[in-house]
2 protein chains.
Amino acid sequence: MSEIRVTVDVVIFTIQEGALKVLLVRRGIPPFQDSWAIPGGFVQEQESLDDAARRELMEETGVQDVYLEQLYSFGDPGRDPRGRVVTVAYYALIAADRAVRAGSDAAEARWWAMNQLPPLAFDHDRILAYALERIRNKLEYTTVGFQLLPEAFTLSELQSVYEAILGRSLDKRNFRRKINLLGILTPSRQQRREARARPAQLFRFSADRFEKLKDKGILFPF
Amino acid sequence: MSEIRVTVDVVIFTIQEGALKVLLVRRGIPPFQDSWAIPGGFVQEQESLDDAARRELMEETGVQDVYLEQLYSFGDPGRDPRGRVVTVAYYALIAADRAVRAGSDAAEARWWAMNQLPPLAFDHDRILAYALERIRNKLEYTTVGFQLLPEAFTLSELQSVYEAILGRSLDKRNFRRKINLLGILTPSRQQRREARARPAQLFRFSADRFEKLKDKGILFPF
DNA sequence: TACTATAGTGTCCCAGAGACACTAACAAGG
DNA sequence: CCTTGTTAGTGTCTCTGGGACACTATAGTA
């Protein structure tokens with residue numbers, strides 16, 4: 001009767017070479033053979049939707065404890081030619097320094113820049129568009145941007161994450177003023193020295209100060 | 001194997017007596033017999049999730065063409081003691097003058113004020129809390145508030161909708177200034193005369209001006 | 001005609017955000 | 001060691017949006 005196959009698809013974002021990238025897997029079998037698709041799989045009998053998404057993420061990238069959030073559910077009849085499938089889409093943010101492995105199993109997997117995507121299977125273009133919209137919005141009133149950086153980072157690196165996601169350049173002084181005003185960064189004692197340039201101060205995200213602000217109901221305009 | 005029952009639950013909001021109310025149905029059978037629940041039902045084989053939500057809304061209230069938006073999907077194993085059920089939650093906004101019928105079928109149904117809810121079945125308290133959070137947020141950057149009013153309304157009525165949803169009182173002059181600045185209301189020629197008081201100007205929501213602003217990427221701060 | 005109830009209106013002040021240009025510190029190469 | 005190239009870091013002005021705040025206008029009713 002009304003039993004439907006339920007999958008989770010996980011849009012996995014990271015930052016590479018100053019660009020926002022997404023992990024896609026190549027389909028080895030029909031339908032949409034050789035097309036690229038968002039990694040996903042069936043929800044098991046005894047796991048929650050969140051757990052299923054975490055499991056998929058682990059299988060594809062080997063990482064745990066990253067930012068993961070439910071996005072939207074897609075369930076048009078006919079979105080999968082094999083039969084009725086409802087997918088609960090998630091998106092995940094992986095710090096630049098942890099996004100090493102791409103694809104544990106045999107399937108081909110690689111990172112794609114969001115502005116140069118291949119043709120996608122199923123309705124995955126819609127899902128990706130929606131994920132991009134969501135992360136752009138969240139960037140403006142939350143601290144998701146920090147999830148894409150290693151523990152210690154420079155202000156320039158943080159700014160380039162924002163620019164990569166928003167797709168436009170930001171004013172350096174205005175950006176730093178806003179970050180300072182939030183008061184959620186603690187300077188590290190160290191500096192990062194790049195070749196042939198002035199060293200930059202390293203900072204860490206201070207979650208405790210962030211929690212205090214959140215408890216007071218203060219949001220985070222960017 | 002991995003077939004799961006999928007339902008849609010629709011949180012149906014309206015404004016009555018200056019308060020935000022939600023439509024709940026009394027469960028006639030176990031589990032949670034005699035508890036109150038969000039109206040919902042199984043997704044049929046050949047309908048989209050949106051269609052299923054629309055159908056539920058029609059069955060419960062007899063209304064069509066109202067604001068309807070997907071909220072979130074809830075799928076913890078054990079949320080329904082009878083077995084694995086994933087529910088895709090929606091919420092709907094019904095204009096005050098259309099929210100007449102409550103419950104077409106035999107089941108008992110009634111409107112409950114959001115600040116005086118009865119004990120709820122399943123995880124429906126979570127769903128309701130999330131719906132309230134969503135509509136509060138959306139109120140601040142969209143025009144969902146207008147969906148809860150009849151076609152012609154006074155500024156005082158519009159303000160009381162905002163106050164009912166946000167749960168706090170707003171300043172009359174600041175509120176009117178903001179509405180004016182948006183420029184999305186066209187004054188009607190008529191007035192509404194209440195007993196024993198000065199008549200109020202009636203306005204209509206002008207969707208065309210709204211669309212123009214939206215196309216320019218202008219959002220709606222409240 | 002006085003009383004009551006709701007409609008309608010303007011100013012001041014503060015905070016957040018955008019536009020804008022120069023100096024500082026390091027490395028490499030001559 | 002001095003010049004050049006590259007990135008880091010810093011302050012002001014101005015505009016706009018939002019919050020706080022109190023009185024007059026118009027109707028009905030007693």
# chains A, B, ... in the order shown; residues from 1 in each chain; ligands from 1
>>> residues_around(residues="region 4-15 of chain D", least_positions_apart="2", cutoff="7 Å", atoms="only C-alpha atoms (C1' of nucleotides)", output="PyMOL selection string")
chain A and resi 196-200
>>> write_last_selection(atoms="N, CA and C atoms", output="short mmCIF file (atom, residue, chain, number, x, y, z; two decimals), in the first residue's frame")
data_model
loop_
_atom_site.label_atom_id
_atom_site.label_comp_id
_atom_site.auth_asym_id
_atom_site.auth_seq_id
_atom_site.Cartn_x
_atom_site.Cartn_y
_atom_site.Cartn_z
N ARG A 196 57.08 35.48 0.88
CA ARG A 196 57.15 36.77 0.19
C ARG A 196 56.04 37.74 0.60
N ALA A 197 55.58 37.70 1.83
CA ALA A 197 54.55 38.66 2.25
C ALA A 197 54.53 38.80 3.77
N ARG A 198 53.83 39.76 4.22
CA ARG A 198 53.72 40.00 5.66
C ARG A 198 52.95 38.85 6.32
N PRO A 199 53.42 38.35 7.46
CA PRO A 199 52.72 37.25 8.14
C PRO A 199 51.37 37.73 8.67
N ALA A 200 50.43 36.80 8.78
CA ALA A 200 49.09 37.14 9.23
C ALA A 200 48.81 36.53 10.59
#
>>> residues_around(residues="DA15 (chain C)", least_positions_apart="2", cutoff="10 Å", atoms="only C-alpha atoms (C1' of nucleotides)", output="ChimeraX atom specification")
/C:13,17 /D:17-18
>>> residues_around(residues="Ala52 (chain A)", least_positions_apart="6", cutoff="10 Å", atoms="only C-alpha atoms (C1' of nucleotides)", output="PDB file with C-alpha atoms, in the first residue's frame")
ATOM      1  CA  THR A   7      16.647   7.955   0.839  1.00  0.00           C
ATOM      2  CA  VAL A   8      18.905  10.655   2.190  1.00  0.00           C
ATOM      3  CA  ASP A   9      21.075  12.685  -0.152  1.00  0.00           C
ATOM      4  CA  VAL A  10      23.904  14.707   1.327  1.00  0.00           C
ATOM      5  CA  GLY A  40      23.046   9.278  -0.893  1.00  0.00           C
ATOM      6  CA  GLY A  41      21.415   6.020   0.024  1.00  0.00           C
ATOM      7  CA  PHE A  42      18.466   4.339   1.619  1.00  0.00           C
ATOM      8  CA  VAL A  43      17.415   5.040   5.170  1.00  0.00           C
ATOM      9  CA  GLN A  44      17.850   1.892   7.217  1.00  0.00           C
ATOM     10  CA  GLN A  46      16.561   1.447  12.696  1.00  0.00           C
ATOM     11  CA  MET A  58      31.093   8.927   6.726  1.00  0.00           C
ATOM     12  CA  VAL A  88      15.393  13.866   2.451  1.00  0.00           C
TER      13      VAL A  88
END
>>> select_by_dssp(residues="region 42-72 of chain A", states="strand (DSSP E or B)", output="NGL selection string")
:A and (42 or 67-72)
>>> write_last_selection(atoms="C-alpha atoms", output="compact mmCIF listing (two decimals), in the first residue's frame")
# COMPACT_ATOMS: atom_id res chain seq x y z
CA PHE A 42 18.47 4.34 1.62
CA TYR A 67 28.25 20.62 10.35
CA LEU A 68 25.20 18.78 9.02
CA GLU A 69 21.73 20.18 8.52
CA GLN A 70 18.52 18.96 6.93
CA LEU A 71 17.66 20.90 3.81
CA TYR A 72 14.37 19.88 2.24
>>> residues_around(residues="DT11 (chain C)", least_positions_apart="4", cutoff="12 Å", atoms="only C-alpha atoms (C1' of nucleotides)", output="mmCIF file with N, CA and C atoms (P, O5', C5', C4', C3', O3' and C1' of nucleotides), in the first residue's frame")
data_model
loop_
_atom_site.group_PDB
_atom_site.id
_atom_site.type_symbol
_atom_site.label_atom_id
_atom_site.label_comp_id
_atom_site.auth_asym_id
_atom_site.auth_seq_id
_atom_site.Cartn_x
_atom_site.Cartn_y
_atom_site.Cartn_z
ATOM 1 N N ARG B 173 3.208 53.634 15.355
ATOM 2 C CA ARG B 173 3.781 54.520 14.342
ATOM 3 C C ARG B 173 4.932 53.880 13.588
ATOM 4 P P DA D 20 11.719 50.242 21.743
ATOM 5 O "O5'" DA D 20 11.694 51.799 22.130
ATOM 6 C "C5'" DA D 20 12.876 52.428 22.611
ATOM 7 C "C4'" DA D 20 12.563 53.882 22.958
ATOM 8 C "C3'" DA D 20 11.218 54.092 23.666
ATOM 9 O "O3'" DA D 20 11.372 55.066 24.687
ATOM 10 C "C1'" DA D 20 11.274 55.359 21.667
ATOM 11 P P DC D 21 10.228 55.230 25.809
ATOM 12 O "O5'" DC D 21 9.392 56.471 25.245
ATOM 13 C "C5'" DC D 21 10.065 57.685 24.975
ATOM 14 C "C4'" DC D 21 9.136 58.635 24.279
ATOM 15 C "C3'" DC D 21 7.652 58.486 24.702
ATOM 16 O "O3'" DC D 21 7.122 59.739 25.095
ATOM 17 C "C1'" DC D 21 7.860 58.578 22.363
ATOM 18 P P DA D 22 5.690 59.773 25.843
ATOM 19 O "O5'" DA D 22 5.164 61.226 25.471
ATOM 20 C "C5'" DA D 22 5.547 61.848 24.250
ATOM 21 C "C4'" DA D 22 4.355 62.563 23.645
ATOM 22 C "C3'" DA D 22 3.185 62.838 24.582
ATOM 23 O "O3'" DA D 22 2.678 64.135 24.297
ATOM 24 C "C1'" DA D 22 2.396 61.703 22.711
#
>>> closest_atom_pairs(of="chain A", to="chain C", cutoff="12 Å", atoms="only C-alpha atoms (C1' of nucleotides)", output="tab-separated table")
residue	atom	partner	partner_atom	distance
A:Leu170	CA	C:DG18	C1'	10.3
A:Asp171	CA	C:DG18	C1'	8.8
A:Lys172	CA	C:DC20	C1'	11.1
A:Arg173	CA	C:DC20	C1'	9.9
A:Asn174	CA	C:DA17	C1'	7.8
A:Phe175	CA	C:DA17	C1'	10.0
A:Arg177	CA	C:DA17	C1'	10.1
A:Lys178	CA	C:DA17	C1'	9.1
A:Leu181	CA	C:DG16	C1'	10.4
A:Arg192	CA	C:DC26	C1'	11.4
A:Arg193	CA	C:DC26	C1'	8.3
A:Glu194	CA	C:DC26	C1'	8.8
A:Ala195	CA	C:DA27	C1'	6.3
A:Arg196	CA	C:DA27	C1'	3.8
A:Ala197	CA	C:DC26	C1'	4.8
A:Arg198	CA	C:DC26	C1'	4.2
A:Pro199	CA	C:DC26	C1'	6.6
A:Ala200	CA	C:DA25	C1'	9.6
A:Gln201	CA	C:DA25	C1'	11.9
A:Phe220	CA	C:DG16	C1'	11.8
A:Pro221	CA	C:DG16	C1'	9.2
A:Phe222	CA	C:DA17	C1'	9.3
>>> interface_residues(of="chain B", to="chain A", cutoff="10 Å", atoms="only C-alpha atoms", output="PyMOL selection string")
chain B and resi 1-7+42-51+70-79+83-86+88-89
>>> atom_distance(atom1="CA of Val22 (chain A)", atom2="CA of Met114 (chain A)")
6.5 Å
>>> residues_around(residues="Leu185 (chain A)", least_positions_apart="3", cutoff="8 Å", atoms="only C-alpha atoms (C1' of nucleotides)", output="NGL selection string")
:A and (179-180 or 203-206)
>>> write_last_selection(atoms="C-alpha atoms", output="compact mmCIF listing (two decimals), in the first residue's frame")
# COMPACT_ATOMS: atom_id res chain seq x y z
CA ILE A 179 33.88 40.23 12.72
CA ASN A 180 35.45 42.30 15.46
CA PHE A 203 42.56 33.30 15.13
CA ARG A 204 40.32 30.66 16.61
CA PHE A 205 36.57 30.56 16.80
CA SER A 206 35.63 30.90 20.46
>>> closest_residue(among="B:Ala53, B:Glu133, B:Ile127, B:Gln191", to="chain D", atoms="only C-alpha atoms (C1' of nucleotides)")
B:Gln191
>>> select_by_dssp(residues="chain A", states="alpha helix (DSSP H)", output="PyMOL selection string")
chain A and resi 49-61+124-141+155-166+172-182+207-215
>>> closest_atom_pairs(of="chain D", to="chain B", cutoff="6 Å", atoms="only C-alpha atoms (C1' of nucleotides)", output="JSON lines")
{"residue": "D:DT26", "atom": "C1'", "partner": "B:Arg198", "partner_atom": "CA", "distance": 4.8}
{"residue": "D:DA27", "atom": "C1'", "partner": "B:Arg198", "partner_atom": "CA", "distance": 4.1}
{"residue": "D:DG28", "atom": "C1'", "partner": "B:Arg196", "partner_atom": "CA", "distance": 3.8}
>>> write_last_selection(atoms="N, CA and C atoms (P, O5', C5', C4', C3', O3' and C1' of nucleotides)", output="mmCIF file, in the first residue's frame")
data_model
loop_
_atom_site.group_PDB
_atom_site.id
_atom_site.type_symbol
_atom_site.label_atom_id
_atom_site.label_comp_id
_atom_site.auth_asym_id
_atom_site.auth_seq_id
_atom_site.Cartn_x
_atom_site.Cartn_y
_atom_site.Cartn_z
ATOM 1 P P DT D 26 -11.129 65.036 11.450
ATOM 2 O "O5'" DT D 26 -12.025 63.775 11.836
ATOM 3 C "C5'" DT D 26 -11.740 62.517 11.255
ATOM 4 C "C4'" DT D 26 -12.628 61.472 11.887
ATOM 5 C "C3'" DT D 26 -14.126 61.812 11.898
ATOM 6 O "O3'" DT D 26 -14.840 60.700 11.407
ATOM 7 C "C1'" DT D 26 -13.425 61.126 14.035
ATOM 8 P P DA D 27 -16.213 60.965 10.605
ATOM 9 O "O5'" DA D 27 -17.287 60.266 11.568
ATOM 10 C "C5'" DA D 27 -17.474 58.885 11.455
ATOM 11 C "C4'" DA D 27 -17.479 58.240 12.823
ATOM 12 C "C3'" DA D 27 -18.815 58.280 13.565
ATOM 13 O "O3'" DA D 27 -19.631 57.220 13.100
ATOM 14 C "C1'" DA D 27 -16.919 58.460 15.025
ATOM 15 P P DG D 28 -21.153 57.225 13.429
ATOM 16 O "O5'" DG D 28 -21.192 56.575 14.891
ATOM 17 C "C5'" DG D 28 -20.548 55.316 15.109
ATOM 18 C "C4'" DG D 28 -20.707 54.935 16.577
ATOM 19 C "C3'" DG D 28 -22.149 54.988 17.080
ATOM 20 O "O3'" DG D 28 -22.404 53.880 17.941
ATOM 21 C "C1'" DG D 28 -20.801 56.492 18.344
#
>>> atom_distance(atom1="CA of Thr186 (chain B)", atom2="CA of Pro150 (chain B)")
14.2 Å
>>> atom_distance(atom1="CA of Thr142 (chain A)", atom2="CA of Tyr90 (chain B)")
24.2 Å
